[in-house]
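Below is one structure, written out as structure tokens; comments come after it.
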Amino acid sequence: MSTPPDREAPAEAPIEALFRRRWSPRSFTDQPVSDAHLASLIEAARWASSCFNAQPWHIVVARKDREPAQHAALVECLSGNNQAWAPQAPVLMVAVARLDFAHNGNPNRHAAYDTGAAMAQLALQATALGLQVHQMGGYDMDKARAALGIPEGFELRAAIAIGHPGPASALPEELAARETAPRQRRPVSEWVHYGAWKA
Ligand SMILES: Cc1cc2nc3c(=O)[nH]c(=O)nc-3n(C[C@H](O)[C@H](O)[C@H](O)COP(=O)(O)O)c2cc1C
């Protein structure tokens, strides 16, 4: 795994190294993601749990070297901030959630939750292979839906950049500073409620 030591999460209780080493870089090298690695990422997502085992997730994958038109189209959909770094990623994708259950057509209230869980597994598998994932909410979903032909009844969730992390020095100054800023999380005491909710 190629996570720089300063990117490793300073966990306060023991956790697997994989969790500490996953992070969201903005700098990616030119190295493509191999077919075998991409297949492993997808397989990790495939084995996520989901409500009714409905597996509501889809992904639309745009590899810079194999689907260059869709990669460029996705870049066009990104917010300005994300356009400053994400075009370098060799793989861009969009996570999509099916909004109804295939078996009865009822609305699936858990579709987004399950899709997020699958993408979390994908991200951790990426870390295990020396890759990293950077998810993005900052993009024009309507434009991406049209560009990638995603039908109604399927909700676009995060756009996702995947690649081998590169040096912070390859980024513009402001992004380089964010790339090396200390990693932070809310303290557990703020969001863990034992017994009942405590304000
Ligand atoms: C749903 C979602 C949307 C996000 N949107 C963006 C985004 O538009 N641009 C960006 O640079 N990072 C985005 N991020 C990345 C977060 O900022 C990042 O995960 C967070 O700061 C924690 O950092 P870490 O992933 O390195 O632990 C997003 C992450 C998620 C899960």
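Quick note on naming: the chains in the structure tokens go A, B, ... in the order shown, residues restart at 1 in each chain, and ligands are numbered from 1 in order of appearance.
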- Message: Please return as a PyMOL selection string the residues found within 6 Å of ligand 1, counting only C-alpha atoms and all ligand atoms.
- Response: chain A and resi 23-24+82+134-138+158
Residue selection dump (C-alpha atoms) as a compact mmCIF listing (two decimals), in the first residue's frame:
# COMPACT_ATOMS: atom_id res chain seq x y z
CA TRP A 23 -7.75 8.65 1.99
CA SER A 24 -8.98 10.91 -0.80
CA ASN A 82 -13.00 19.37 -8.90
CA HIS A 134 -11.74 10.30 -4.30
CA GLN A 135 -15.51 10.67 -4.29
CA MET A 136 -17.18 13.87 -5.44
CA GLY A 137 -20.59 15.37 -4.89
CA GLY A 138 -19.56 18.51 -6.75
CA ALA A 158 -21.15 10.39 -6.12
- range 88-105 of chain A surroundings by only C-alpha atoms, 8 Å radius, close-in-sequence under 5 positions cut, as a VMD selection string: chain A and resid 27 to 33 54 56 to 65 71 74 111 to 112 115 119 153 to 163
- Query: Near range 167-181 of chain A, counting only C-alpha atoms, which residues have an atom at most 8 Å away, once you skip same-chain residues fewer than 6 positions from it, shown as number ranges by chain?
  - Reply: A: 6-7, 25-28, 85
- Check chain A with DSSP on the backbone and list each residue it calls helix (DSSP H, G or I), as a PyMOL selection string. chain A and resi 5-7+17-21+35-46+51-53+68-77+80-83+86-88+111-128+141-148+168-170+173-180+188-190
- Please measure the separation of CA of Phe19 in chain A and CA of Leu124 in chain A, giving the value in Å to one decimal.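 Going from CA of Phe19 in chain A over to CA of Leu124 in chain A, I get 7.1 Å.
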- range 20-172 of chain A: which residues are strand (DSSP E or B) by DSSP, as a PyMOL selection string? chain A and resi 28+57-63+78+91-98+100+107+132-136+139+154-163+165
- Message: Env of Leu78 in chain A: 10 Å cut, atoms = only C-alpha atoms, seq-sep filter 2 positions within chain, self excluded. Answer as a list in words.
- Response: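 The residues that qualify are Ala73, Leu74, Val75, Glu76, Gly80, Asn81, Asn82, Gln83, Ala84, Ala86, Pro87, Met136, Gly137, Gly138, Tyr139, Asp140, Met141, Lys143, Ala144 and Ala159 of chain A.
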- Figure out the distance between CA of Val188 in chain A and CA of Ile15 in chain A, please, to one decimal in Å.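 Rounded to one decimal, the two atoms are 14.3 Å apart.
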- Selection: 8 Å around His110 in chain A, only C-alpha atoms, excl. self and same-chain fewer than 4 positions, as a ChimeraX atom specification: /A:50-51,114
Selected residues written out with all heavy atoms, as a PDB file, in the first residue's frame:
ATOM      1  N   SER A  50     -26.927  -5.378   1.299  1.00  0.00           N
ATOM      2  CA  SER A  50     -27.959  -4.423   0.871  1.00  0.00           C
ATOM      3  C   SER A  50     -29.324  -4.914   1.304  1.00  0.00           C
ATOM      4  O   SER A  50     -29.527  -6.125   1.504  1.00  0.00           O
ATOM      5  CB  SER A  50     -27.929  -4.251  -0.651  1.00  0.00           C
ATOM      6  OG  SER A  50     -28.167  -5.481  -1.321  1.00  0.00           O
ATOM      7  N   CYS A  51     -30.233  -3.976   1.433  1.00  0.00           N
ATOM      8  CA  CYS A  51     -31.601  -4.297   1.843  1.00  0.00           C
ATOM      9  C   CYS A  51     -32.225  -5.286   0.852  1.00  0.00           C
ATOM     10  O   CYS A  51     -32.229  -5.025  -0.366  1.00  0.00           O
ATOM     11  CB  CYS A  51     -32.407  -2.990   1.895  1.00  0.00           C
ATOM     12  SG  CYS A  51     -34.072  -3.201   2.496  1.00  0.00           S
ATOM     13  N   ASP A 114     -27.267   1.799   0.475  1.00  0.00           N
ATOM     14  CA  ASP A 114     -26.594   0.582   0.013  1.00  0.00           C
ATOM     15  C   ASP A 114     -25.554   0.897  -1.060  1.00  0.00           C
ATOM     16  O   ASP A 114     -24.481   0.267  -1.110  1.00  0.00           O
ATOM     17  CB  ASP A 114     -27.631  -0.410  -0.534  1.00  0.00           C
ATOM     18  CG  ASP A 114     -28.536  -0.959   0.559  1.00  0.00           C
ATOM     19  OD1 ASP A 114     -28.217  -0.780   1.752  1.00  0.00           O
ATOM     20  OD2 ASP A 114     -29.584  -1.546   0.218  1.00  0.00           O
TER      21      ASP A 114
END
- Task: Measuring atom to atom with only C-alpha atoms, identify which of A:Asn106, A:Gln125, A:Glu8, A:Cys77 is nearest to Trp47 in chain A.
- Result: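 Of A:Asn106, A:Gln125, A:Glu8, A:Cys77, the one nearest Trp47 in chain A is A:Gln125, counting only C-alpha atoms.
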- Task: Kindly indicate which residue among A:Ala17, A:Ile150, A:Leu131, A:Ala126 lies nearest to Glu43 in chain A, using only C-alpha atoms for the distances.
- Result: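 Among the listed residues, A:Ala126 lies closest to Glu43 in chain A.
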- Message: If I take CA of Phe52 in chain A and CA of Ala118 in chain A, how far is one from the other in Å, to one decimal?
- Response: 14.5 Å
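Shortest separation to Pro10 in chain A among A:Gln184, A:Gly166, A:Arg109, A:Arg145 occurs at residue A:Gln184, atoms counted being only C-alpha atoms.
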